[in-house]
>>> print(open('coords_21.csv').read())   # CSV, C-alpha atoms and all ligand atoms
chain,number,residue,atom,x,y,z
F,27,MET,CA,16.6,-12.4,-3.9
F,28,PHE,CA,15.1,-9.4,-5.7
F,29,GLY,CA,13.5,-10.6,-8.9
F,30,ILE,CA,12.7,-8.5,-11.9
F,31,ASN,CA,9.6,-6.6,-11.3
F,32,ILE,CA,7.6,-6.1,-14.5
F,33,PRO,CA,4.3,-4.5,-13.5
F,34,PRO,CA,1.5,-3.8,-15.8
F,35,THR,CA,0.4,-0.3,-16.7
F,36,TRP,CA,0.4,1.7,-13.6
F,37,ASN,CA,3.9,3.0,-13.7
F,38,ILE,CA,2.5,5.9,-15.8
F,39,PRO,CA,-0.8,6.2,-14.0
F,40,GLU,CA,-3.6,5.1,-16.3
F,41,SER,CA,-4.5,6.6,-19.6
F,42,ASP,CA,-4.5,10.2,-18.5
F,43,ALA,CA,-0.8,10.1,-18.2
F,44,THR,CA,-0.1,7.6,-20.9
F,45,SER,CA,-0.4,8.1,-24.7
F,46,GLU,CA,-0.9,4.9,-26.6
F,47,GLU,CA,2.3,5.5,-28.5
F,48,LEU,CA,4.2,5.8,-25.3
F,49,TYR,CA,2.6,2.7,-23.9
F,50,LEU,CA,3.5,0.6,-26.9
F,51,ASN,CA,7.1,1.9,-26.8
F,52,ARG,CA,7.2,1.0,-23.2
F,53,ARG,CA,6.0,-2.5,-23.8
F,54,LYS,CA,8.7,-3.0,-26.4
F,55,PHE,CA,11.2,-1.7,-24.0
F,56,LEU,CA,10.1,-4.0,-21.3
F,57,GLY,CA,10.3,-6.9,-23.7
F,58,ASN,CA,13.9,-6.1,-24.4
F,59,MET,CA,14.9,-5.3,-20.9
F,60,GLY,CA,13.3,-8.4,-19.4
F,61,ARG,CA,16.0,-10.5,-21.0
F,62,PHE,CA,18.8,-8.8,-19.2
F,63,GLY,CA,17.7,-9.2,-15.7
F,64,VAL,CA,17.9,-5.6,-14.8
F,65,ASN,CA,15.4,-3.4,-13.1
F,66,ALA,CA,13.0,-3.4,-16.0
F,67,LEU,CA,10.4,-1.2,-14.3
F,68,ALA,CA,12.7,1.8,-13.9
F,69,PHE,CA,14.2,1.5,-17.3
F,70,SER,CA,11.0,0.7,-19.1
F,71,MET,CA,9.8,4.2,-18.5
F,72,PHE,CA,13.0,6.1,-18.4
F,73,PRO,CA,15.6,4.8,-20.9
F,74,SER,CA,18.0,7.5,-19.8
F,75,LEU,CA,18.3,5.4,-16.6
F,76,LEU,CA,20.3,2.9,-18.6
F,77,THR,CA,23.3,5.2,-18.3
F,78,ALA,CA,22.5,5.8,-14.6
F,79,SER,CA,22.2,2.2,-13.6
F,80,LYS,CA,25.6,2.0,-12.0
F,81,VAL,CA,25.0,5.0,-9.9
F,82,PHE,CA,21.9,3.8,-8.1
F,83,GLY,CA,22.3,0.0,-8.2
F,84,ALA,CA,22.9,-2.3,-5.4
F,85,ASN,CA,26.1,-0.7,-4.3
F,86,SER,CA,24.9,2.9,-4.1
F,87,SER,CA,23.4,4.9,-1.3
F,88,ASP,CA,22.2,7.5,-3.7
F,89,SER,CA,18.4,7.3,-3.5
F,90,GLY,CA,17.6,9.6,-6.4
F,91,LEU,CA,17.2,8.5,-10.0
F,92,THR,CA,17.5,10.3,-13.3
F,93,ILE,CA,14.6,12.2,-14.6
F,94,PRO,CA,13.4,10.9,-18.0
F,95,SER,CA,14.6,12.3,-21.2
F,96,GLY,CA,14.7,11.3,-24.8
F,97,LYS,CA,12.4,11.0,-27.8
F,98,GLY,CA,8.9,9.7,-27.0
F,99,PHE,CA,9.2,10.4,-23.4
F,100,SER,CA,8.6,14.1,-23.4
F,101,ASP,CA,5.0,13.1,-23.1
F,102,ILE,CA,5.5,11.9,-19.5
F,103,GLN,CA,7.6,14.9,-18.6
F,104,SER,CA,4.9,17.3,-19.8
F,105,LYS,CA,2.4,15.4,-17.5
F,106,LEU,CA,4.5,15.6,-14.4
F,107,THR,CA,3.6,18.3,-11.9
F,108,MET,CA,6.4,20.9,-11.7
F,109,GLU,CA,8.7,20.1,-8.9
F,110,ASN,CA,8.7,23.6,-7.5
F,111,LEU,CA,4.9,23.1,-6.9
F,112,VAL,CA,5.3,19.7,-5.2
F,113,SER,CA,8.1,21.0,-3.0
F,114,ARG,CA,6.5,24.3,-1.9
F,115,TYR,CA,3.0,23.2,-1.0
F,116,ASN,CA,3.1,20.5,1.6
F,117,ASN,CA,1.1,18.8,4.3
F,118,PHE,CA,3.5,17.8,7.1
F,119,TYR,CA,1.7,18.7,10.2
F,120,GLU,CA,4.8,18.1,12.4
F,121,PHE,CA,6.1,21.3,10.9
F,122,GLY,CA,2.9,23.3,11.1
F,123,THR,CA,-0.4,23.7,9.4
F,124,ASN,CA,0.6,26.3,6.8
F,125,LYS,CA,1.5,24.5,3.6
F,126,ASN,CA,3.7,27.2,2.3
F,127,ASP,CA,5.9,27.3,5.4
F,128,VAL,CA,6.7,23.6,5.6
F,129,TRP,CA,9.5,23.5,3.1
F,130,HIS,CA,11.8,25.8,5.0
F,131,LEU,CA,10.8,24.7,8.5
F,132,ALA,CA,11.5,21.0,7.5
F,133,LYS,CA,15.1,21.9,6.7
F,134,LYS,CA,15.8,21.3,10.5
F,135,LEU,CA,15.0,17.6,10.1
F,136,PRO,CA,18.3,15.7,10.8
F,137,LEU,CA,18.6,13.1,8.1
F,138,GLU,CA,22.0,11.7,8.8
F,139,LYS,CA,22.2,8.1,10.0
F,140,TRP,CA,18.5,7.5,9.7
F,141,ALA,CA,17.3,4.3,11.3
F,142,ILE,CA,14.0,2.6,11.3
F,143,LYS,CA,12.9,0.5,14.3
F,144,VAL,CA,11.2,-2.8,13.3
F,145,GLU,CA,8.9,-4.0,16.0
F,146,GLY,CA,6.0,-6.3,16.8
F,147,LEU,CA,5.0,-9.6,15.2
F,148,VAL,CA,8.2,-10.1,13.3
F,149,LYS,CA,10.8,-12.9,13.3
F,150,LYS,CA,13.5,-10.6,14.6
F,151,PRO,CA,12.8,-7.1,15.9
F,152,LYS,CA,15.7,-4.8,14.8
F,153,VAL,CA,16.9,-1.4,14.0
F,154,LEU,CA,17.4,-0.9,10.3
F,155,ASP,CA,20.2,1.4,9.1
F,156,LEU,CA,18.7,3.1,6.1
F,157,ASP,CA,22.0,3.6,4.2
F,158,LYS,CA,22.8,-0.1,4.6
F,159,LEU,CA,19.3,-1.1,3.5
F,160,LEU,CA,19.6,1.0,0.4
F,161,GLN,CA,22.7,-0.8,-0.5
F,162,LYS,CA,20.7,-4.1,-0.6
F,163,ILE,CA,17.6,-3.0,-2.4
F,164,PRO,CA,17.6,-2.0,-6.0
F,165,LEU,CA,15.8,1.3,-6.6
F,166,GLU,CA,13.2,1.9,-9.3
F,167,GLN,CA,11.3,4.9,-10.5
F,168,ARG,CA,7.5,5.2,-10.6
F,169,VAL,CA,5.2,8.0,-11.6
F,170,TYR,CA,2.1,8.1,-9.5
F,171,ARG,CA,-0.8,10.4,-9.0
F,172,LEU,CA,-1.1,11.7,-5.5
F,173,ARG,CA,-4.6,12.7,-4.5
F,174,CYS,CA,-4.9,14.7,-1.3
F,175,VAL,CA,-8.2,14.5,0.6
F,176,GLU,CA,-8.3,18.3,0.4
F,177,THR,CA,-9.0,17.7,-3.4
F,178,TRP,CA,-5.7,18.9,-4.8
F,179,SER,CA,-3.5,16.4,-6.7
F,180,ALA,CA,-0.1,16.0,-8.4
F,181,ILE,CA,1.7,13.7,-10.7
F,182,ILE,CA,5.1,12.9,-9.2
F,183,PRO,CA,8.1,10.8,-10.3
F,184,TRP,CA,9.2,8.9,-7.2
F,185,SER,CA,12.2,6.6,-6.8
F,186,GLY,CA,12.4,3.9,-4.2
F,187,PHE,CA,11.4,0.3,-3.8
F,188,PRO,CA,8.2,-1.8,-3.4
F,189,LEU,CA,7.2,-2.1,0.2
F,190,ARG,CA,6.7,-5.8,-0.4
F,191,GLU,CA,10.5,-6.2,-0.9
F,192,LEU,CA,11.1,-4.8,2.6
F,193,ILE,CA,8.3,-6.8,4.2
F,194,ASN,CA,9.8,-10.0,2.7
F,195,MET,CA,13.2,-9.1,4.2
F,196,LEU,CA,11.7,-8.5,7.6
F,197,GLU,CA,9.9,-11.8,7.8
F,198,PRO,CA,6.7,-10.9,9.7
F,199,LEU,CA,5.0,-13.7,11.7
F,200,SER,CA,1.9,-15.3,10.2
F,201,SER,CA,-0.1,-13.7,13.0
F,202,ALA,CA,0.7,-10.2,11.6
F,203,ARG,CA,-2.3,-8.8,9.8
F,204,TYR,CA,-1.5,-5.1,9.6
F,205,VAL,CA,1.6,-2.9,9.2
F,206,LYS,CA,1.7,0.2,11.4
F,207,PHE,CA,4.0,3.1,10.5
F,208,LYS,CA,5.1,6.0,12.8
F,209,THR,CA,6.8,9.2,12.0
F,210,PHE,CA,9.5,10.7,14.4
F,211,VAL,CA,8.6,12.6,17.5
F,212,ASN,CA,10.8,15.6,18.2
F,213,PRO,CA,9.1,18.8,19.2
F,214,ASN,CA,12.5,20.6,19.4
F,215,ILE,CA,12.8,20.4,15.6
F,216,ALA,CA,9.2,20.1,14.6
F,217,PRO,CA,7.3,23.2,15.7
F,218,GLY,CA,3.9,21.7,15.0
F,219,GLN,CA,4.5,19.0,17.6
F,220,LYS,CA,5.4,21.8,20.1
F,221,ALA,CA,2.6,24.2,19.2
F,222,ARG,CA,-0.1,21.5,19.0
F,223,PHE,CA,1.3,19.2,21.7
F,224,TRP,CA,-2.1,17.8,22.5
F,225,GLU,CA,-2.4,16.1,19.1
F,226,PRO,CA,-1.8,12.4,19.1
F,227,TRP,CA,1.9,12.4,18.0
F,228,PRO,CA,3.5,10.5,16.4
F,229,TYR,CA,1.7,10.6,13.1
F,230,VAL,CA,0.6,7.0,12.6
F,231,GLU,CA,-0.7,5.2,9.5
F,232,GLY,CA,-1.3,1.6,8.6
F,233,LEU,CA,-2.1,-0.9,5.9
F,234,SER,CA,-3.5,-4.4,5.9
F,235,MET,CA,-0.8,-7.0,4.9
F,236,ALA,CA,-2.7,-7.5,1.6
F,237,GLU,CA,-2.5,-3.8,0.9
F,238,ALA,CA,1.1,-3.4,2.0
F,239,THR,CA,2.3,-6.3,-0.2
F,240,HIS,CA,0.4,-5.1,-3.2
F,241,ASP,CA,2.6,-4.2,-6.2
F,242,LEU,CA,1.6,-0.5,-6.0
F,243,SER,CA,2.6,0.1,-2.4
F,244,PHE,CA,5.9,1.9,-2.6
F,245,MET,CA,8.6,3.2,-0.2
F,246,ALA,CA,10.0,6.4,-1.7
F,247,THR,CA,13.5,7.6,-1.0
F,248,GLY,CA,13.8,10.0,-4.0
F,249,MET,CA,11.7,12.2,-6.3
F,250,TYR,CA,12.4,14.1,-9.5
F,251,GLY,CA,15.8,12.4,-9.9
F,252,HIS,CA,17.2,13.3,-6.5
F,253,LYS,CA,16.8,12.3,-2.9
F,254,LEU,CA,13.5,13.2,-1.2
F,255,ASN,CA,13.2,16.8,0.1
F,256,PRO,CA,12.7,17.0,3.8
F,257,GLN,CA,9.3,18.6,3.3
F,258,ASN,CA,8.2,15.7,1.1
F,259,GLY,CA,9.1,13.1,3.8
F,260,ALA,CA,12.9,12.5,3.7
F,261,PRO,CA,14.6,10.2,4.0
F,262,ILE,CA,11.9,7.6,3.5
F,263,ARG,CA,8.1,7.7,3.1
F,264,LEU,CA,5.3,5.5,2.1
F,265,VAL,CA,3.4,6.2,-1.2
F,266,VAL,CA,0.0,4.4,-1.6
F,267,PRO,CA,-1.5,6.0,-4.7
F,268,TRP,CA,-5.0,4.6,-4.6
F,269,LYS,CA,-5.7,6.1,-1.1
F,270,TYR,CA,-6.0,9.7,0.0
F,271,GLY,CA,-2.6,11.3,0.5
F,272,PHE,CA,-2.7,11.3,4.2
F,273,LYS,CA,-2.1,7.5,4.2
F,274,SER,CA,1.3,8.2,2.6
F,275,ILE,CA,3.2,8.8,5.8
F,276,LYS,CA,6.4,10.7,5.7
F,277,SER,CA,9.8,10.4,7.4
F,278,ILE,CA,9.2,6.9,8.8
F,279,ASP,CA,10.8,6.1,12.1
F,280,VAL,CA,9.0,2.9,13.2
F,281,ILE,CA,7.5,-0.1,11.3
F,282,GLU,CA,5.5,-2.4,13.5
F,283,PHE,CA,3.7,-5.6,12.5
F,284,VAL,CA,0.4,-5.9,14.4
F,285,LYS,CA,-2.7,-8.1,14.7
F,286,GLU,CA,-5.4,-5.4,14.7
F,287,PRO,CA,-5.8,-2.3,12.5
F,288,PRO,CA,-3.8,0.5,14.2
F,289,ASN,CA,-5.5,3.7,15.2
F,290,THR,CA,-4.2,6.2,12.8
F,291,PHE,CA,-3.4,9.9,13.5
F,292,TRP,CA,-6.4,11.2,11.6
F,293,GLN,CA,-8.8,8.7,13.0
F,294,THR,CA,-7.8,9.7,16.5
F,295,VAL,CA,-8.0,13.4,15.7
F,296,SER,CA,-11.4,13.1,14.1
F,297,PRO,CA,-13.0,9.7,14.2
F,298,LEU,CA,-16.2,10.7,12.4
F,299,ASP,CA,-14.3,12.1,9.5
F,300,TYR,CA,-11.6,9.6,8.8
F,301,ASP,CA,-11.5,5.8,8.5
F,302,PHE,CA,-8.7,3.3,8.2
F,303,LEU,CA,-9.1,2.4,4.5
F,304,ALA,CA,-9.3,6.0,3.1
F,305,ASN,CA,-9.5,4.8,-0.5
F,306,VAL,CA,-10.2,7.4,-3.1
F,307,GLU,CA,-13.9,7.1,-3.8
F,308,PRO,CA,-15.2,10.2,-5.6
F,309,ASP,CA,-18.9,9.4,-5.0
F,310,VAL,CA,-18.5,9.4,-1.3
F,311,PRO,CA,-17.9,12.8,0.4
F,312,TYR,CA,-15.0,12.3,2.8
F,313,ALA,CA,-13.8,14.4,5.7
F,314,LYS,CA,-14.9,18.0,5.0
F,315,TRP,CA,-14.7,17.7,1.2
F,316,ASP,CA,-16.9,16.7,-1.8
F,317,GLN,CA,-14.5,14.3,-3.5
F,318,ARG,CA,-16.0,14.3,-7.0
F,319,PHE,CA,-13.4,16.7,-8.4
F,320,GLU,CA,-9.8,17.6,-8.0
F,321,THR,CA,-7.4,20.3,-9.1
F,322,LEU,CA,-3.9,19.4,-10.2
F,323,LEU,CA,-1.3,21.7,-8.6
F,324,GLY,CA,-0.5,24.4,-11.1
F,325,LYS,CA,-3.8,24.1,-12.9
F,326,SER,CA,-6.9,26.2,-12.3
F,327,GLU,CA,-9.6,23.9,-13.8
F,328,LYS,CA,-11.1,21.1,-11.9
F,329,GLU,CA,-11.1,17.5,-13.3
F,330,LYS,CA,-13.2,14.5,-12.4
F,331,SER,CA,-11.6,12.3,-9.8
F,332,ALA,CA,-11.4,8.6,-10.5
F,333,LEU,CA,-12.2,5.6,-8.4
F,334,TYR,CA,-9.2,4.5,-6.4
F,335,ASN,CA,-7.4,7.5,-8.0
F,336,GLY,CA,-7.3,5.8,-11.3
F,337,TYR,CA,-5.9,2.5,-10.1
F,338,ALA,CA,-9.1,0.6,-9.8
F,339,ARG,CA,-8.1,-2.0,-12.3
F,340,HIS,CA,-5.2,-3.0,-10.0
F,341,VAL,CA,-6.7,-2.7,-6.5
F,342,THR,CA,-10.4,-3.5,-6.7
F,343,LYS,CA,-9.7,-7.1,-6.0
F,344,LEU,CA,-8.3,-6.1,-2.6
F,345,TYR,CA,-11.8,-5.1,-1.5
F,346,SER,CA,-14.1,-7.6,-3.2
E,1,LIG,N1,3.1,12.4,6.9
E,1,LIG,C1,3.3,12.9,8.1
E,1,LIG,N2,4.2,12.4,8.9
E,1,LIG,N3,2.7,14.1,8.5
E,1,LIG,C2,1.8,14.7,7.7
E,1,LIG,O1,1.2,15.7,8.1
E,1,LIG,N4,0.5,14.6,5.6
E,1,LIG,C3,-0.1,13.7,4.7
E,1,LIG,C4,0.9,12.8,3.9
E,1,LIG,N5,1.9,12.3,4.9
E,1,LIG,C5,1.5,14.1,6.5
E,1,LIG,C6,2.2,12.9,6.1
E,1,LIG,C7,-0.9,14.4,3.7
E,1,LIG,S1,-2.4,15.0,4.3
E,1,LIG,C8,-0.6,14.5,2.4
E,1,LIG,S2,-1.7,15.0,1.2
E,1,LIG,C9,0.7,14.0,1.9
E,1,LIG,O2,1.6,13.6,2.9
E,1,LIG,C10,1.4,15.2,1.2
E,1,LIG,O3,2.6,14.9,0.6
E,1,LIG,P1,3.5,16.0,-0.1
E,1,LIG,O4,3.6,17.1,0.8
E,1,LIG,O5,4.8,15.3,-0.4
E,1,LIG,O6,2.8,16.3,-1.4
>>> encode(input="coords_21.csv", output="structure tokens")
Amino acid sequence: MFGINIPPTWNIPESDATSEELYLNRRKFLGNMGRFGVNALAFSMFPSLLTASKVFGANSSDSGLTIPSGKGFSDIQSKLTMENLVSRYNNFYEFGTNKNDVWHLAKKLPLEKWAIKVEGLVKKPKVLDLDKLLQKIPLEQRVYRLRCVETWSAIIPWSGFPLRELINMLEPLSSARYVKFKTFVNPNIAPGQKARFWEPWPYVEGLSMAEATHDLSFMATGMYGHKLNPQNGAPIRLVVPWKYGFKSIKSIDVIEFVKEPPNTFWQTVSPLDYDFLANVEPDVPYAKWDQRFETLLGKSEKEKSALYNGYARHVTKLYS
């Protein structure tokens, strides 16, 4: 049911995170791995995963993978944003608006027995037990750039599975044109939902079916070789690397297949500032910010932002 996924070059996002030598090694590795019918994507980049394959394979509920190591791969490691930055500077408005507070406030999020409600235009609405789902779907690792609309960015190793795999399992009806995602609502554990009770909770995001089934659209359950941190969207979040970070909705509670583009959280809060697509387009000022430049977490200098966050080669066809 789950074929080998050998994507092109985006695992290590574009040339700024890939040396030619590394890319060539990677191709060689893919060639070898393809013959074995294993999860070539994960292993192609991180050969150390070969030893970890039994741990995270089809029979495991461990959603973290191993961090890369080994000769030739130090290149990627040096490009990754330090985990202590990615896990201490978070947007998760359910837990407040102060980025530096989220990590400790989010510890209250109860992660046990997480279930996702599947609703709307789908063959069989159901409640998905996440642990059981993770026993069925092979996990893979992907390094993506995350570009926040606020002009900071990060390079993060995620683990998880392509959203398309899940959509295929759920069998949406042909009338489904969009996928709508919702985060939990629980003001008793999420102080932001209590303090700013008038905001349009739950946090809602959405993708067209074409976007949702694109190779790059990813459901993350782990990062930096372990399960997702609560503050980064545990136990399961979306990662859509060519769009502003707010599309990458955290701690998903509901997936609904719908006919019309859903009204998203930010569109509802500020319709003049936000749109549904929210693709990274540096030449177009967006929300309150000039989008031409960005600063990687941990760096002080600005760098030029790239169209579709560097993934133009892969996604332009979605919009032409
Ligand atoms: N998801 C939910 N449910 N609530 C949020 O406030 N913030 C978004 C996105 N997903 C947000 C969310 C924004 S603005 C960004 S930039 C990213 O999460 C940040 O992800 P990170 O904290 O893991 O870096």
>>> atom_distance(input="coords_21.csv", atom1="atom CA of Thr321 of chain F", atom2="atom CA of Asn126 of chain F")
17.3 Å
>>> residues_near_ligand(input="coords_21.csv", ligand="ligand LIG 1 (chain E)", cutoff="7 Å", atoms="only C-alpha atoms and all ligand atoms", output="count of residues only")
23
>>> atom_distance(input="coords_21.csv", atom1="atom CA of Thr177 of chain F", atom2="atom CA of Phe210 of chain F")
26.6 Å
>>> closest_residue(input="coords_21.csv", among="F:Lys328, F:Lys269, F:His340, F:Lys285", to="Asp301 of chain F", atoms="all atoms listed in the file")
F:Lys269
>>> residues_around(input="coords_21.csv", residues="segment 286-295 of chain F", least_positions_apart="6", cutoff="7 Å", atoms="all atoms listed in the file", output="number ranges by chain")
F: 203-204, 206, 226, 229-232, 301
>>> closest_residue(input="coords_21.csv", among="F:Asn255, F:Lys143, F:Lys150, F:Leu323", to="Met108 of chain F", atoms="only C-alpha atoms")
F:Leu323
>>> residues_around(input="coords_21.csv", residues="Arg171 of chain F", least_positions_apart="4", cutoff="7 Å", atoms="only C-alpha atoms", output="NGL selection string")
:F and (39 or 179-182 or 267)
>>> atom_distance(input="coords_21.csv", atom1="atom CA of Ala141 of chain F", atom2="atom CA of Ile281 of chain F")
10.7 Å
>>> residues_around(input="coords_21.csv", residues="Val265 of chain F", least_positions_apart="3", cutoff="7 Å", atoms="only C-alpha atoms", output="list in words")
Ser243, Phe244, Met245, Ala246 and Ser274 of chain F
>>> closest_residue(input="coords_21.csv", among="F:Leu154, F:Leu233, F:Leu344, F:Ile142", to="Ala304 of chain F", atoms="all atoms listed in the file")
F:Leu233
>>> closest_residue(input="coords_21.csv", among="F:Leu303, F:Leu242, F:Ala216, F:Ala132", to="Ala338 of chain F", atoms="all atoms listed in the file")
F:Leu242
